[in-house]
>>> print(open('start-v5.tsv').read())   # TSV, C-alpha atoms
chain	number	residue	atom	x	y	z
V	1	MET	CA	246.06	252.80	179.64
V	2	PHE	CA	249.73	253.68	179.17
V	3	THR	CA	251.88	256.80	178.71
V	4	GLY	CA	254.30	255.73	175.99
V	5	LEU	CA	257.28	256.09	178.34
V	6	ILE	CA	259.24	252.82	178.16
V	7	GLN	CA	260.26	251.47	181.56
V	8	SER	CA	262.41	248.53	180.54
V	9	LEU	CA	263.58	246.38	177.69
V	10	GLY	CA	262.68	242.72	177.62
V	11	THR	CA	263.92	239.64	175.82
V	12	VAL	CA	261.55	237.16	174.18
V	13	ASP	CA	262.18	233.71	175.63
V	14	ALA	CA	259.39	231.88	173.83
V	15	ILE	CA	256.40	232.64	171.62
V	16	ASP	CA	253.61	230.51	170.19
V	17	PRO	CA	250.06	231.21	168.92
V	18	HIS	CA	248.77	231.45	172.50
V	19	HIS	CA	251.59	232.61	174.80
V	20	LEU	CA	254.51	235.02	174.92
V	21	THR	CA	257.20	234.65	177.58
V	22	ILE	CA	259.52	237.58	178.28
V	23	SER	CA	262.38	238.11	180.69
V	24	TRP	CA	263.37	241.52	182.01
V	25	SER	CA	266.57	243.10	180.76
V	26	SER	CA	268.34	246.41	181.27
V	27	GLY	CA	266.37	249.60	180.77
V	28	LEU	CA	265.58	253.00	182.16
V	29	HIS	CA	264.24	251.47	185.37
V	30	SER	CA	265.06	247.81	184.73
V	31	ALA	CA	262.56	245.45	186.40
V	32	ALA	CA	261.82	247.83	189.30
V	33	ALA	CA	258.70	249.17	187.56
V	34	PHE	CA	257.26	245.65	187.43
V	35	ARG	CA	257.99	244.65	191.04
V	36	ASP	CA	254.30	244.69	191.99
V	37	VAL	CA	252.88	243.19	188.79
V	38	ALA	CA	250.10	240.69	189.52
V	39	LEU	CA	248.21	238.09	187.52
V	40	GLY	CA	245.72	239.77	185.21
V	41	ASP	CA	247.65	243.04	185.02
V	42	SER	CA	248.29	244.71	181.68
V	43	ILE	CA	251.77	245.25	180.25
V	44	ALA	CA	252.48	246.95	176.94
V	45	VAL	CA	254.90	244.88	174.86
V	46	ASP	CA	256.14	247.02	171.96
V	47	GLY	CA	252.98	249.05	172.53
V	48	ILE	CA	250.62	246.05	172.52
V	49	CYS	CA	248.44	245.72	175.62
V	50	LEU	CA	248.79	242.13	176.86
V	51	THR	CA	247.47	240.40	179.97
V	52	VAL	CA	249.87	238.72	182.39
V	53	THR	CA	248.95	235.04	182.88
V	54	GLN	CA	252.05	233.87	184.78
V	55	ILE	CA	254.67	235.67	186.84
V	56	LEU	CA	258.22	234.31	186.66
V	57	SER	CA	261.25	235.08	188.78
V	58	GLN	CA	262.81	237.19	186.02
V	59	GLY	CA	259.87	237.92	183.77
V	60	PHE	CA	256.32	236.97	182.85
V	61	THR	CA	254.10	235.10	180.42
V	62	ALA	CA	251.25	236.87	178.62
V	63	ALA	CA	248.31	235.59	176.62
V	64	VAL	CA	248.29	236.30	172.88
V	65	SER	CA	245.79	235.49	170.17
V	66	PRO	CA	246.19	234.63	166.48
V	67	GLU	CA	244.54	237.96	165.65
V	68	THR	CA	247.15	239.88	167.66
V	69	LEU	CA	249.96	237.93	166.01
V	70	LYS	CA	248.51	238.75	162.60
V	71	ARG	CA	247.86	242.45	163.10
V	72	THR	CA	250.95	243.48	165.07
V	73	THR	CA	254.67	242.87	164.98
V	74	LEU	CA	254.30	239.98	167.44
V	75	GLY	CA	254.05	237.79	164.37
V	76	TYR	CA	257.59	238.85	163.43
V	77	LEU	CA	259.13	238.13	166.81
V	78	ALA	CA	261.45	235.22	167.49
V	79	PRO	CA	263.29	234.05	170.60
V	80	ARG	CA	265.95	236.59	171.68
V	81	SER	CA	264.06	239.52	170.12
V	82	ILE	CA	264.26	242.72	172.18
V	83	VAL	CA	260.96	244.40	173.06
V	84	ASN	CA	259.88	247.59	174.83
V	85	LEU	CA	257.96	247.19	178.09
V	86	GLU	CA	255.67	249.51	180.03
V	87	ALA	CA	253.43	248.71	182.98
V	88	SER	CA	249.89	250.10	182.87
V	89	LEU	CA	249.28	253.60	184.19
V	90	ARG	CA	248.25	253.75	187.85
V	91	VAL	CA	246.11	256.45	189.45
V	92	GLY	CA	248.41	259.22	190.64
V	93	SER	CA	251.27	258.24	188.33
V	94	LYS	CA	253.08	260.85	186.26
V	95	LEU	CA	251.81	261.31	182.72
V	96	GLY	CA	254.94	262.38	180.89
V	97	GLY	CA	254.05	261.14	177.41
V	98	HIS	CA	250.50	260.98	176.06
V	99	PHE	CA	247.57	258.64	176.58
V	100	VAL	CA	248.34	255.36	174.83
V	101	THR	CA	245.69	252.63	174.82
V	102	GLY	CA	247.83	249.69	173.75
V	103	HIS	CA	245.46	248.97	170.87
V	104	ILE	CA	247.61	248.94	167.75
V	105	ASP	CA	246.16	250.57	164.63
V	106	GLY	CA	248.49	248.77	162.25
V	107	ILE	CA	252.04	248.09	161.16
V	108	GLY	CA	254.35	250.73	159.72
V	109	HIS	CA	257.82	250.30	158.21
V	110	LEU	CA	261.01	252.19	158.94
V	111	GLN	CA	262.28	253.89	155.79
V	112	SER	CA	265.29	255.75	157.17
V	113	SER	CA	267.15	256.39	160.40
V	114	VAL	CA	269.55	259.34	160.39
V	115	GLN	CA	271.65	260.50	163.31
V	116	THR	CA	271.85	264.27	163.70
V	117	GLU	CA	273.71	266.39	166.23
V	118	ASN	CA	271.10	265.98	168.97
V	119	ALA	CA	268.60	263.36	167.78
V	120	TRP	CA	267.84	260.42	165.55
V	121	ASP	CA	265.44	261.30	162.72
V	122	LEU	CA	263.27	258.32	161.81
V	123	THR	CA	261.01	258.21	158.74
V	124	ILE	CA	258.13	255.76	158.77
V	125	ASP	CA	255.57	254.70	156.18
V	126	VAL	CA	252.07	253.67	157.29
V	127	PRO	CA	249.00	252.36	155.45
V	128	GLU	CA	246.09	254.64	154.57
V	129	ALA	CA	244.01	253.38	157.51
V	130	ILE	CA	246.54	254.99	159.87
V	131	ALA	CA	247.70	257.88	157.68
V	132	ARG	CA	244.52	259.91	158.14
V	133	TYR	CA	245.27	260.26	161.86
V	134	ILE	CA	248.86	261.47	161.38
V	135	VAL	CA	249.21	265.24	161.68
V	136	GLN	CA	252.24	267.47	162.08
V	137	LYS	CA	253.08	268.04	165.77
V	138	GLY	CA	250.52	265.42	166.74
V	139	SER	CA	251.23	262.44	168.98
V	140	VAL	CA	251.98	258.92	167.79
V	141	ALA	CA	253.22	255.77	169.53
V	142	ILE	CA	255.88	253.72	167.73
V	143	ASN	CA	256.53	250.33	169.35
V	144	GLY	CA	254.85	251.81	172.41
V	145	ILE	CA	257.08	254.90	172.53
V	146	SER	CA	255.34	258.27	172.83
V	147	LEU	CA	256.68	260.49	170.03
V	148	THR	CA	255.76	263.73	168.26
V	149	VAL	CA	255.28	263.89	164.51
V	150	ALA	CA	257.91	266.32	163.22
V	151	ASN	CA	256.82	266.31	159.58
V	152	CYS	CA	254.44	264.34	157.43
V	153	SER	CA	253.32	264.03	153.84
V	154	PRO	CA	249.98	265.65	152.88
V	155	THR	CA	248.19	262.32	153.33
V	156	GLY	CA	250.14	261.31	156.45
V	157	ALA	CA	251.31	258.09	154.79
V	158	ARG	CA	254.94	259.03	155.42
V	159	PHE	CA	256.05	260.91	158.52
V	160	SER	CA	259.17	261.60	160.53
V	161	VAL	CA	259.87	261.74	164.26
V	162	ALA	CA	262.90	263.06	166.14
V	163	VAL	CA	264.09	260.69	168.87
V	164	ILE	CA	266.41	262.01	171.58
V	165	PRO	CA	269.58	259.94	172.24
V	166	LEU	CA	268.35	258.70	175.64
V	167	THR	CA	265.12	257.30	174.18
V	168	TYR	CA	267.00	255.81	171.24
V	169	SER	CA	269.57	254.05	173.41
V	170	GLU	CA	267.08	252.76	176.01
V	171	THR	CA	264.48	251.33	173.60
V	172	ASN	CA	264.53	248.85	170.75
V	173	LEU	CA	264.52	251.61	168.14
V	174	GLN	CA	268.30	251.16	168.07
V	175	PHE	CA	267.86	247.62	166.75
V	176	LEU	CA	265.34	248.35	163.97
V	177	PRO	CA	266.50	247.36	160.48
V	178	LEU	CA	265.60	249.48	157.47
V	179	ARG	CA	262.14	248.57	156.20
V	180	GLY	CA	261.60	246.70	159.44
V	181	PRO	CA	258.04	246.61	160.88
V	182	VAL	CA	256.90	248.74	163.80
V	183	ASN	CA	253.65	248.91	165.74
V	184	VAL	CA	251.82	252.21	165.24
V	185	GLU	CA	249.10	253.64	167.45
V	186	ALA	CA	247.72	257.02	166.43
V	187	ASP	CA	246.43	259.54	168.97
V	188	VAL	CA	242.98	258.44	170.14
V	189	LEU	CA	241.73	262.06	170.01
V	190	GLY	CA	241.80	262.00	166.20
V	191	LYS	CA	239.62	258.88	166.14
V	192	TYR	CA	236.97	260.49	168.34
V	193	VAL	CA	236.96	263.68	166.27
V	194	GLU	CA	236.50	261.58	163.13
V	195	LYS	CA	233.62	259.73	164.78
V	196	PHE	CA	231.91	262.96	165.84
V	197	LEU	CA	232.32	264.46	162.38
V	198	SER	CA	230.87	261.38	160.69
V	199	HIS	CA	227.84	261.50	163.00
V	200	GLY	CA	227.45	265.21	162.38
V	201	SER	CA	227.36	264.58	158.63
V	202	GLY	CA	224.57	262.05	159.10
V	203	GLN	CA	226.67	258.90	158.65
V	204	GLY	CA	225.42	256.41	161.17
V	205	SER	CA	223.77	259.15	163.23
V	206	ARG	CA	220.76	258.52	165.41
V	207	ALA	CA	218.72	260.90	163.31
V	208	ALA	CA	219.09	258.56	160.33
V	209	ASP	CA	217.37	255.78	162.28
V	210	ALA	CA	213.68	256.49	162.69
V	211	ASN	CA	213.35	253.60	165.11
V	212	SER	CA	216.05	254.88	167.43
V	213	PRO	CA	214.57	255.94	170.79
V	214	ASP	CA	215.16	259.45	172.11
V	215	ILE	CA	216.91	258.55	175.33
V	216	GLY	CA	216.59	262.12	176.57
V	217	LEU	CA	212.79	261.97	176.74
V	218	SER	CA	212.87	259.51	179.62
V	219	ASN	CA	214.56	262.20	181.68
V	220	GLY	CA	212.13	264.92	180.66
V	221	TYR	CA	214.25	266.55	177.97
V	222	SER	CA	215.22	265.94	174.38
V	223	ASP	CA	218.66	265.73	172.87
V	224	THR	CA	219.59	269.21	171.63
V	225	SER	CA	223.34	268.60	171.25
V	226	GLU	CA	225.04	270.74	168.62
V	227	VAL	CA	226.26	269.04	165.48
V	228	ILE	CA	230.04	268.60	165.47
V	229	THR	CA	231.47	270.28	162.36
V	230	PRO	CA	234.91	271.70	161.46
V	231	THR	CA	233.49	275.18	162.19
V	232	PHE	CA	232.20	274.03	165.59
V	233	LEU	CA	235.62	272.58	166.47
V	234	ALA	CA	237.42	275.77	165.38
V	235	ASP	CA	235.03	277.92	167.42
V	236	HIS	CA	235.73	275.82	170.50
V	237	GLY	CA	239.50	275.91	170.33
V	238	TYR	CA	240.36	272.86	168.18
V	239	GLY	CA	242.68	274.17	165.51
>>> encode(input="start-v5.tsv", output="structure tokens")
Amino acid sequence: MFTGLIQSLGTVDAIDPHHLTISWSSGLHSAAAFRDVALGDSIAVDGICLTVTQILSQGFTAAVSPETLKRTTLGYLAPRSIVNLEASLRVGSKLGGHFVTGHIDGIGHLQSSVQTENAWDLTIDVPEAIARYIVQKGSVAINGISLTVANCSPTGARFSVAVIPLTYSETNLQFLPLRGPVNVEADVLGKYVEKFLSHGSGQGSRAADANSPDIGLSNGYSDTSEVITPTFLADHGYG
């Protein structure tokens, strides 16, 4: 689990279908945040949760898979590429962004980057599989950075975020080319709501399976949970 608050930039030293080697570089906290990293720990690289397999004097090596290379921007990286780094959230740590899992939903593309008086306004296009989770004022992680959706199209396929100068200058957003790829992770809350709604409508629900055991009966009670509907969510403070 991560927060979407980038702790350092890193430089790709080497990448192949099985391994990614990164060295620390300057950032908000430089390498200090990774001083106690151990083998097997998780580090988010451009928002992708990777497992540390080797610790180096000035960086680390992480395991990657062909599937990860295919479905994220890791497949676009080359030696000397700059990536965002965040160590996994520890118990008791500050949660200044939002909960980020490090499981990328897909690749978006930067359509515009405009500097305003107090921010950089970025516009990003995403495929339909991600678009349904994009809502105005909702949370989204772009290359692992926790951001708020400022505006979005009715379908969510195109949305904009406002990035403060500090975040822009201390992350790899400053290096993104127009139409360049970015990793996108939508807020996990939307995925759970969608799952509950689909079960409430009978899609894949236990009630549709006559052979499904009633797990509540073994404890002396039956499952009397309310069906999750838009009305139920509204009545309980969601929207």
>>> closest_residue(input="start-v5.tsv", among="V:Gln54, V:Gln136, V:Thr123, V:Ser113", to="Ser42 in chain V", atoms="all atoms listed in the file")
V:Gln54
>>> residues_around(input="start-v5.tsv", residues="Asp125 in chain V", least_positions_apart="4", cutoff="12 Å", atoms="all atoms listed in the file", output="list of chain:residue names")
V:Gly106, V:Ile107, V:Gly108, V:His109, V:Leu110, V:Gln111, V:Ser112, V:Ala129, V:Ile130, V:Ala131, V:Ile134, V:Ile142, V:Cys152, V:Ser153, V:Thr155, V:Gly156, V:Ala157, V:Arg158, V:Phe159, V:Ser160, V:Val161, V:Leu178, V:Arg179, V:Gly180, V:Pro181, V:Val182, V:Asn183, V:Val184
>>> write_last_selection(input="start-v5.tsv", atoms="C-alpha atoms", output="PDB file, in the frame of the given file")
ATOM      1  CA  GLY V 106     248.490 248.770 162.250  1.00  0.00           C
ATOM      2  CA  ILE V 107     252.040 248.090 161.160  1.00  0.00           C
ATOM      3  CA  GLY V 108     254.350 250.730 159.720  1.00  0.00           C
ATOM      4  CA  HIS V 109     257.820 250.300 158.210  1.00  0.00           C
ATOM      5  CA  LEU V 110     261.010 252.190 158.940  1.00  0.00           C
ATOM      6  CA  GLN V 111     262.280 253.890 155.790  1.00  0.00           C
ATOM      7  CA  SER V 112     265.290 255.750 157.170  1.00  0.00           C
ATOM      8  CA  ALA V 129     244.010 253.380 157.510  1.00  0.00           C
ATOM      9  CA  ILE V 130     246.540 254.990 159.870  1.00  0.00           C
ATOM     10  CA  ALA V 131     247.700 257.880 157.680  1.00  0.00           C
ATOM     11  CA  ILE V 134     248.860 261.470 161.380  1.00  0.00           C
ATOM     12  CA  ILE V 142     255.880 253.720 167.730  1.00  0.00           C
ATOM     13  CA  CYS V 152     254.440 264.340 157.430  1.00  0.00           C
ATOM     14  CA  SER V 153     253.320 264.030 153.840  1.00  0.00           C
ATOM     15  CA  THR V 155     248.190 262.320 153.330  1.00  0.00           C
ATOM     16  CA  GLY V 156     250.140 261.310 156.450  1.00  0.00           C
ATOM     17  CA  ALA V 157     251.310 258.090 154.790  1.00  0.00           C
ATOM     18  CA  ARG V 158     254.940 259.030 155.420  1.00  0.00           C
ATOM     19  CA  PHE V 159     256.050 260.910 158.520  1.00  0.00           C
ATOM     20  CA  SER V 160     259.170 261.600 160.530  1.00  0.00           C
ATOM     21  CA  VAL V 161     259.870 261.740 164.260  1.00  0.00           C
ATOM     22  CA  LEU V 178     265.600 249.480 157.470  1.00  0.00           C
ATOM     23  CA  ARG V 179     262.140 248.570 156.200  1.00  0.00           C
ATOM     24  CA  GLY V 180     261.600 246.700 159.440  1.00  0.00           C
ATOM     25  CA  PRO V 181     258.040 246.610 160.880  1.00  0.00           C
ATOM     26  CA  VAL V 182     256.900 248.740 163.800  1.00  0.00           C
ATOM     27  CA  ASN V 183     253.650 248.910 165.740  1.00  0.00           C
ATOM     28  CA  VAL V 184     251.820 252.210 165.240  1.00  0.00           C
TER      29      VAL V 184
END
>>> residues_around(input="start-v5.tsv", residues="Asn172 in chain V", least_positions_apart="2", cutoff="7 Å", atoms="only C-alpha atoms", output="PyMOL selection string")
chain V and resi 82-84+174-176
>>> write_last_selection(input="start-v5.tsv", atoms="C-alpha atoms", output="mmCIF file, keeping the file's coordinate frame")
data_model
loop_
_atom_site.group_PDB
_atom_site.id
_atom_site.type_symbol
_atom_site.label_atom_id
_atom_site.label_comp_id
_atom_site.auth_asym_id
_atom_site.auth_seq_id
_atom_site.Cartn_x
_atom_site.Cartn_y
_atom_site.Cartn_z
ATOM 1 C CA ILE V 82 264.260 242.720 172.180
ATOM 2 C CA VAL V 83 260.960 244.400 173.060
ATOM 3 C CA ASN V 84 259.880 247.590 174.830
ATOM 4 C CA GLN V 174 268.300 251.160 168.070
ATOM 5 C CA PHE V 175 267.860 247.620 166.750
ATOM 6 C CA LEU V 176 265.340 248.350 163.970
#
>>> residues_near_point(input="start-v5.tsv", point="(255.2, 248.1, 170.4)", cutoff="6 Å", atoms="only C-alpha atoms", output="PyMOL selection string")
chain V and resi 45-48+143-144+183
>>> atom_distance(input="start-v5.tsv", atom1="CA of Val126 in chain V", atom2="CA of Ser25 in chain V")
29.5 Å
>>> atom_distance(input="start-v5.tsv", atom1="CA of Leu85 in chain V", atom2="CA of Gly190 in chain V")
24.9 Å
>>> residues_around(input="start-v5.tsv", residues="Ser146 in chain V", least_positions_apart="6", cutoff="12 Å", atoms="only C-alpha atoms", output="PyMOL selection string")
chain V and resi 2-6+46-47+84+86+95-102+138-140+161-164+167+171+183-187
>>> atom_distance(input="start-v5.tsv", atom1="CA of Ala14 in chain V", atom2="CA of Gly59 in chain V")
11.6 Å
>>> closest_residue(input="start-v5.tsv", among="V:Leu50, V:Ile104, V:Met1, V:Ile55", to="Arg90 in chain V", atoms="only C-alpha atoms")
V:Met1
>>> closest_residue(input="start-v5.tsv", among="V:Thr51, V:Thr116, V:Thr11, V:Ser198", to="Leu39 in chain V", atoms="all atoms listed in the file")
V:Thr51
